Amino acid sequence: MDGKSVSDSVMTGQDSVILPMPGYYQMVTSVVPIQLHILRKIPEDFNYFYQFTTYCHWNWVDAFLVLFLAVFWTATRATLTYYIFKPFVDKLNLMDEERTTKATENLFKSTWYTLSWIYTTSILFSGKYSMFQDPASVFTDWSNGMEVPLDIYILFVYQCGFYVHSIYASIYVDVIRSDFCLIIAHHVLTIMLLAFSFVVRYHKLGVLVIFCHDICDVLLEIAKIFIQTKDRNGKFHVFNEIMANIFFGFFIVVWILCRLYWYPLKVLYAAGRFFFPVAPFVTTFNVMLWLLLMMNIYWFWEILQALLRLVSGGTNKCEEDIREQDGAVITQQREEKKKKKSIVSRGEGRSCAALVVRSGEIN
């Protein structure tokens, strides 16, 4: 990190006024050469463990709070589902038990993501911080072992605890989607990003990452609630269909704005360019951020495929969760093993799920 060109390029924005957002080409051509330069400058005797013990700061209280909140979210979800969500959904008399399970899952997640995004937004635009308006300033007051502000600390343990819970829930509670492995990888990567940005004190960037992602989940979970409850009490409700399409439309627009525009041009640009010349683990951190972008692009491609099927007449239900296309098969297999159903019933379950996939239906 002693190259003069790199030092000049990364420090220029820190002593100037708020910089305009770059274009994609400028972001890539600014970030990639700097990161490649850093990789070439890493000494052969680089001691990763020494760097970790020097620059990573946490204690057992932090770890305990995360594990406590993971258990808390699991218990809270079970309690809300048993006493509130399940009785409410049962009164709607939905088509089948799987839709009931999905509806209760969506109710909990929409509640959690809404509260999380409101809190994150209140932090970001409280007037105390300027990382959204001026991402280039995220490292200006960084120091090794600096104190994390209480409001941001609460956000990080709140988030980490939830995603630890989410790994458990994805395996044992939720309806399994076709991209189950990618979902687990996403949860693991999210925990790593949150924990890493906290212990190395890149928490300002972490807040930006959370802000750019949670709002999409809010809109998606609400859209899915309308989807799961549109056939109830033996009747089809057009209002639910309309509302699901409206929220799905907002979801696509917000996904493009937050995850494919703000995230790369604010977060990736700042993390890859405007760091101190001696900032620790900057390349490791950037690799994780870029992996998250790749996941966002992959899921957006799945969304586009659903829209193409709608335009081509392949399906008339683009608003449903495209990640659950093959999930019914996996869920059926899980239930078959647990309940030891007959061979006949297992074959019917797979046949129904296959018919859903072939006809373009998205559960």
# chains A, B, ... in the order shown; residues from 1 in each chain; ligands from 1
>>> select_by_dssp(residues="region 202-303 of chain A", states="strand (DSSP E)", output="list in words")
Asp231, Arg232, Lys235 and Phe236 of chain A
>>> closest_atom_pairs(of="region 31-147 of chain A", to="region 230-245 of chain A", cutoff="12 Å", atoms="only C-alpha atoms", output="Markdown table")
| residue | atom | partner | partner_atom | distance |
| --- | --- | --- | --- | --- |
| A:Val89 | CA | A:Arg232 | CA | 9.5 |
| A:Asp90 | CA | A:Arg232 | CA | 9.8 |
| A:Lys91 | CA | A:Asn233 | CA | 8.6 |
| A:Leu92 | CA | A:Arg232 | CA | 5.5 |
| A:Asn93 | CA | A:Asn233 | CA | 5.0 |
| A:Leu94 | CA | A:Arg232 | CA | 4.5 |
| A:Met95 | CA | A:Asp231 | CA | 6.4 |
| A:Asp96 | CA | A:Arg232 | CA | 9.7 |
| A:Arg99 | CA | A:Asp231 | CA | 9.7 |
| A:Thr100 | CA | A:Arg232 | CA | 10.4 |
| A:Ala103 | CA | A:Lys230 | CA | 10.8 |
>>> write_last_selection(atoms="N, CA, C and O atoms", output="mmCIF file, in the first residue's frame")
data_model
loop_
_atom_site.group_PDB
_atom_site.id
_atom_site.type_symbol
_atom_site.label_atom_id
_atom_site.label_comp_id
_atom_site.auth_asym_id
_atom_site.auth_seq_id
_atom_site.Cartn_x
_atom_site.Cartn_y
_atom_site.Cartn_z
ATOM 1 N N VAL A 89 -54.384 -16.583 9.977
ATOM 2 C CA VAL A 89 -54.394 -17.217 8.664
ATOM 3 C C VAL A 89 -55.422 -18.343 8.619
ATOM 4 O O VAL A 89 -56.090 -18.540 7.589
ATOM 5 N N ASP A 90 -55.582 -19.068 9.718
ATOM 6 C CA ASP A 90 -56.566 -20.163 9.743
ATOM 7 C C ASP A 90 -57.986 -19.649 9.487
ATOM 8 O O ASP A 90 -58.802 -20.339 8.861
ATOM 9 N N LYS A 91 -58.269 -18.452 9.970
ATOM 10 C CA LYS A 91 -59.597 -17.875 9.755
ATOM 11 C C LYS A 91 -59.862 -17.561 8.285
ATOM 12 O O LYS A 91 -61.018 -17.438 7.879
ATOM 13 N N LEU A 92 -58.780 -17.416 7.505
ATOM 14 C CA LEU A 92 -58.940 -17.118 6.080
ATOM 15 C C LEU A 92 -59.290 -18.353 5.268
ATOM 16 O O LEU A 92 -59.699 -18.231 4.114
ATOM 17 N N ASN A 93 -59.088 -19.536 5.870
ATOM 18 C CA ASN A 93 -59.424 -20.788 5.189
ATOM 19 C C ASN A 93 -58.753 -20.859 3.815
ATOM 20 O O ASN A 93 -59.408 -20.899 2.770
ATOM 21 N N LEU A 94 -57.419 -20.887 3.839
ATOM 22 C CA LEU A 94 -56.668 -20.919 2.586
ATOM 23 C C LEU A 94 -56.783 -22.283 1.911
ATOM 24 O O LEU A 94 -57.336 -23.229 2.467
ATOM 25 N N MET A 95 -56.222 -22.362 0.701
ATOM 26 C CA MET A 95 -56.395 -23.551 -0.129
ATOM 27 C C MET A 95 -55.802 -24.801 0.501
ATOM 28 O O MET A 95 -56.400 -25.867 0.459
ATOM 29 N N ASP A 96 -54.592 -24.700 1.059
ATOM 30 C CA ASP A 96 -53.942 -25.878 1.619
ATOM 31 C C ASP A 96 -53.006 -25.466 2.738
ATOM 32 O O ASP A 96 -52.774 -24.283 2.992
ATOM 33 N N ARG A 99 -49.786 -23.279 1.823
ATOM 34 C CA ARG A 99 -50.011 -21.833 1.695
ATOM 35 C C ARG A 99 -50.162 -21.195 3.070
ATOM 36 O O ARG A 99 -49.730 -20.058 3.281
ATOM 37 N N THR A 100 -50.749 -21.916 4.002
ATOM 38 C CA THR A 100 -50.855 -21.410 5.373
ATOM 39 C C THR A 100 -49.478 -21.235 5.981
ATOM 40 O O THR A 100 -49.181 -20.217 6.614
ATOM 41 N N ALA A 103 -47.766 -18.278 4.354
ATOM 42 C CA ALA A 103 -48.352 -17.001 4.770
ATOM 43 C C ALA A 103 -47.839 -16.588 6.143
ATOM 44 O O ALA A 103 -47.514 -15.420 6.366
#
>>> closest_atom_pairs(of="region 102-159 of chain A", to="region 259-268 of chain A", cutoff="9 Å", atoms="only C-alpha atoms", output="JSON lines")
{"residue": "A:Met131", "atom": "CA", "partner": "A:Lys266", "partner_atom": "CA", "distance": 8.9}
{"residue": "A:Phe132", "atom": "CA", "partner": "A:Lys266", "partner_atom": "CA", "distance": 7.6}
{"residue": "A:Asp134", "atom": "CA", "partner": "A:Lys266", "partner_atom": "CA", "distance": 8.5}
{"residue": "A:Pro135", "atom": "CA", "partner": "A:Lys266", "partner_atom": "CA", "distance": 5.9}
{"residue": "A:Ala136", "atom": "CA", "partner": "A:Lys266", "partner_atom": "CA", "distance": 8.2}
>>> write_last_selection(atoms="C-alpha atoms", output="CSV table (one decimal), in the first residue's frame")
chain,number,residue,atom,x,y,z
A,131,MET,CA,-22.3,8.1,4.5
A,132,PHE,CA,-25.4,8.0,2.2
A,134,ASP,CA,-21.1,11.3,0.9
A,135,PRO,CA,-20.0,7.6,0.7
A,136,ALA,CA,-16.4,8.8,0.1
>>> residues_around(residues="region 188-190 of chain A", least_positions_apart="2", cutoff="12 Å", atoms="only C-alpha atoms", output="ChimeraX atom specification")
/A:156,159-168,170,181-186,192-197,206,209-210,213-214,285,287-295
>>> closest_atom_pairs(of="region 238-321 of chain A", to="region 54-74 of chain A", cutoff="12 Å", atoms="only C-alpha atoms", output="JSON lines")
{"residue": "A:Val278", "atom": "CA", "partner": "A:Tyr55", "partner_atom": "CA", "distance": 11.2}
{"residue": "A:Ala279", "atom": "CA", "partner": "A:Tyr55", "partner_atom": "CA", "distance": 9.4}
{"residue": "A:Pro280", "atom": "CA", "partner": "A:Tyr55", "partner_atom": "CA", "distance": 6.9}
{"residue": "A:Phe281", "atom": "CA", "partner": "A:Tyr55", "partner_atom": "CA", "distance": 8.8}
{"residue": "A:Val282", "atom": "CA", "partner": "A:Tyr55", "partner_atom": "CA", "distance": 11.6}
>>> write_last_selection(atoms="all heavy atoms", output="short mmCIF file (atom, residue, chain, number, x, y, z; two decimals), in the first residue's frame")
data_model
loop_
_atom_site.label_atom_id
_atom_site.label_comp_id
_atom_site.auth_asym_id
_atom_site.auth_seq_id
_atom_site.Cartn_x
_atom_site.Cartn_y
_atom_site.Cartn_z
N VAL A 278 -3.61 2.37 4.49
CA VAL A 278 -3.23 1.27 5.38
C VAL A 278 -4.45 0.56 5.94
O VAL A 278 -4.38 -0.14 6.92
CB VAL A 278 -2.35 1.78 6.54
CG1 VAL A 278 -1.01 2.25 6.02
CG2 VAL A 278 -3.06 2.89 7.32
N ALA A 279 -5.62 0.74 5.33
CA ALA A 279 -6.83 0.11 5.84
C ALA A 279 -6.69 -1.41 5.80
O ALA A 279 -6.34 -1.97 4.77
CB ALA A 279 -8.04 0.55 5.03
N PRO A 280 -6.98 -2.10 6.92
CA PRO A 280 -6.78 -3.56 6.98
C PRO A 280 -7.89 -4.32 6.27
O PRO A 280 -9.04 -3.89 6.24
CB PRO A 280 -6.81 -3.84 8.48
CG PRO A 280 -7.68 -2.76 9.06
CD PRO A 280 -7.40 -1.54 8.22
N PHE A 281 -7.53 -5.45 5.69
CA PHE A 281 -8.48 -6.38 5.09
C PHE A 281 -9.37 -5.75 4.03
O PHE A 281 -10.47 -6.23 3.78
CB PHE A 281 -9.38 -6.99 6.18
CG PHE A 281 -8.64 -7.74 7.25
CD1 PHE A 281 -8.57 -7.24 8.53
CD2 PHE A 281 -8.00 -8.94 6.96
CE1 PHE A 281 -7.90 -7.93 9.52
CE2 PHE A 281 -7.32 -9.63 7.94
CZ PHE A 281 -7.26 -9.13 9.23
N VAL A 282 -8.92 -4.69 3.39
CA VAL A 282 -9.79 -3.99 2.46
C VAL A 282 -10.13 -4.87 1.26
O VAL A 282 -11.26 -4.84 0.75
CB VAL A 282 -9.16 -2.65 2.02
CG1 VAL A 282 -7.90 -2.88 1.19
CG2 VAL A 282 -10.16 -1.82 1.25
#
>>> residues_around(residues="Ile34 (chain A)", least_positions_apart="2", cutoff="8 Å", atoms="only C-alpha atoms", output="ChimeraX atom specification")
/A:6,30-32,36-38,272-273
>>> residues_around(residues="Asp141 (chain A)", least_positions_apart="5", cutoff="12 Å", atoms="only C-alpha atoms", output="list in words")
Gln14, Asp15, Tyr129, Ser130, Met131, Ala136, Met146, Glu147, Val148, Arg201, Tyr202, His203, Lys204, Phe275, Phe276 and Ala279 of chain A
>>> write_last_selection(atoms="C-alpha atoms", output="short mmCIF file (atom, residue, chain, number, x, y, z; two decimals), in the first residue's frame")
data_model
loop_
_atom_site.label_atom_id
_atom_site.label_comp_id
_atom_site.auth_asym_id
_atom_site.auth_seq_id
_atom_site.Cartn_x
_atom_site.Cartn_y
_atom_site.Cartn_z
CA GLN A 14 -11.56 12.53 1.44
CA ASP A 15 -10.34 16.12 1.51
CA TYR A 129 -23.93 10.55 9.71
CA SER A 130 -23.30 11.48 6.08
CA MET A 131 -22.32 8.12 4.54
CA ALA A 136 -16.41 8.78 0.11
CA MET A 146 -12.56 2.89 17.40
CA GLU A 147 -15.80 2.80 19.38
CA VAL A 148 -18.92 1.80 17.49
CA ARG A 201 -14.86 -1.00 12.37
CA TYR A 202 -16.17 -0.59 8.83
CA HIS A 203 -19.61 -0.21 10.39
CA LYS A 204 -20.59 2.83 8.32
CA PHE A 275 -10.06 3.77 2.06
CA PHE A 276 -6.95 4.75 3.95
CA ALA A 279 -6.83 0.11 5.84
#
>>> closest_residue(among="A:Gln305, A:Asn296, A:Ser110, A:Thr120", to="Leu219 (chain A)", atoms="only C-alpha atoms")
A:Ser110
>>> closest_residue(among="A:Val200, A:Phe300, A:Phe250, A:Arg77", to="Phe139 (chain A)", atoms="only C-alpha atoms")
A:Val200
>>> atom_distance(atom1="CA of Lys109 (chain A)", atom2="CA of Ile246 (chain A)")
19.0 Å
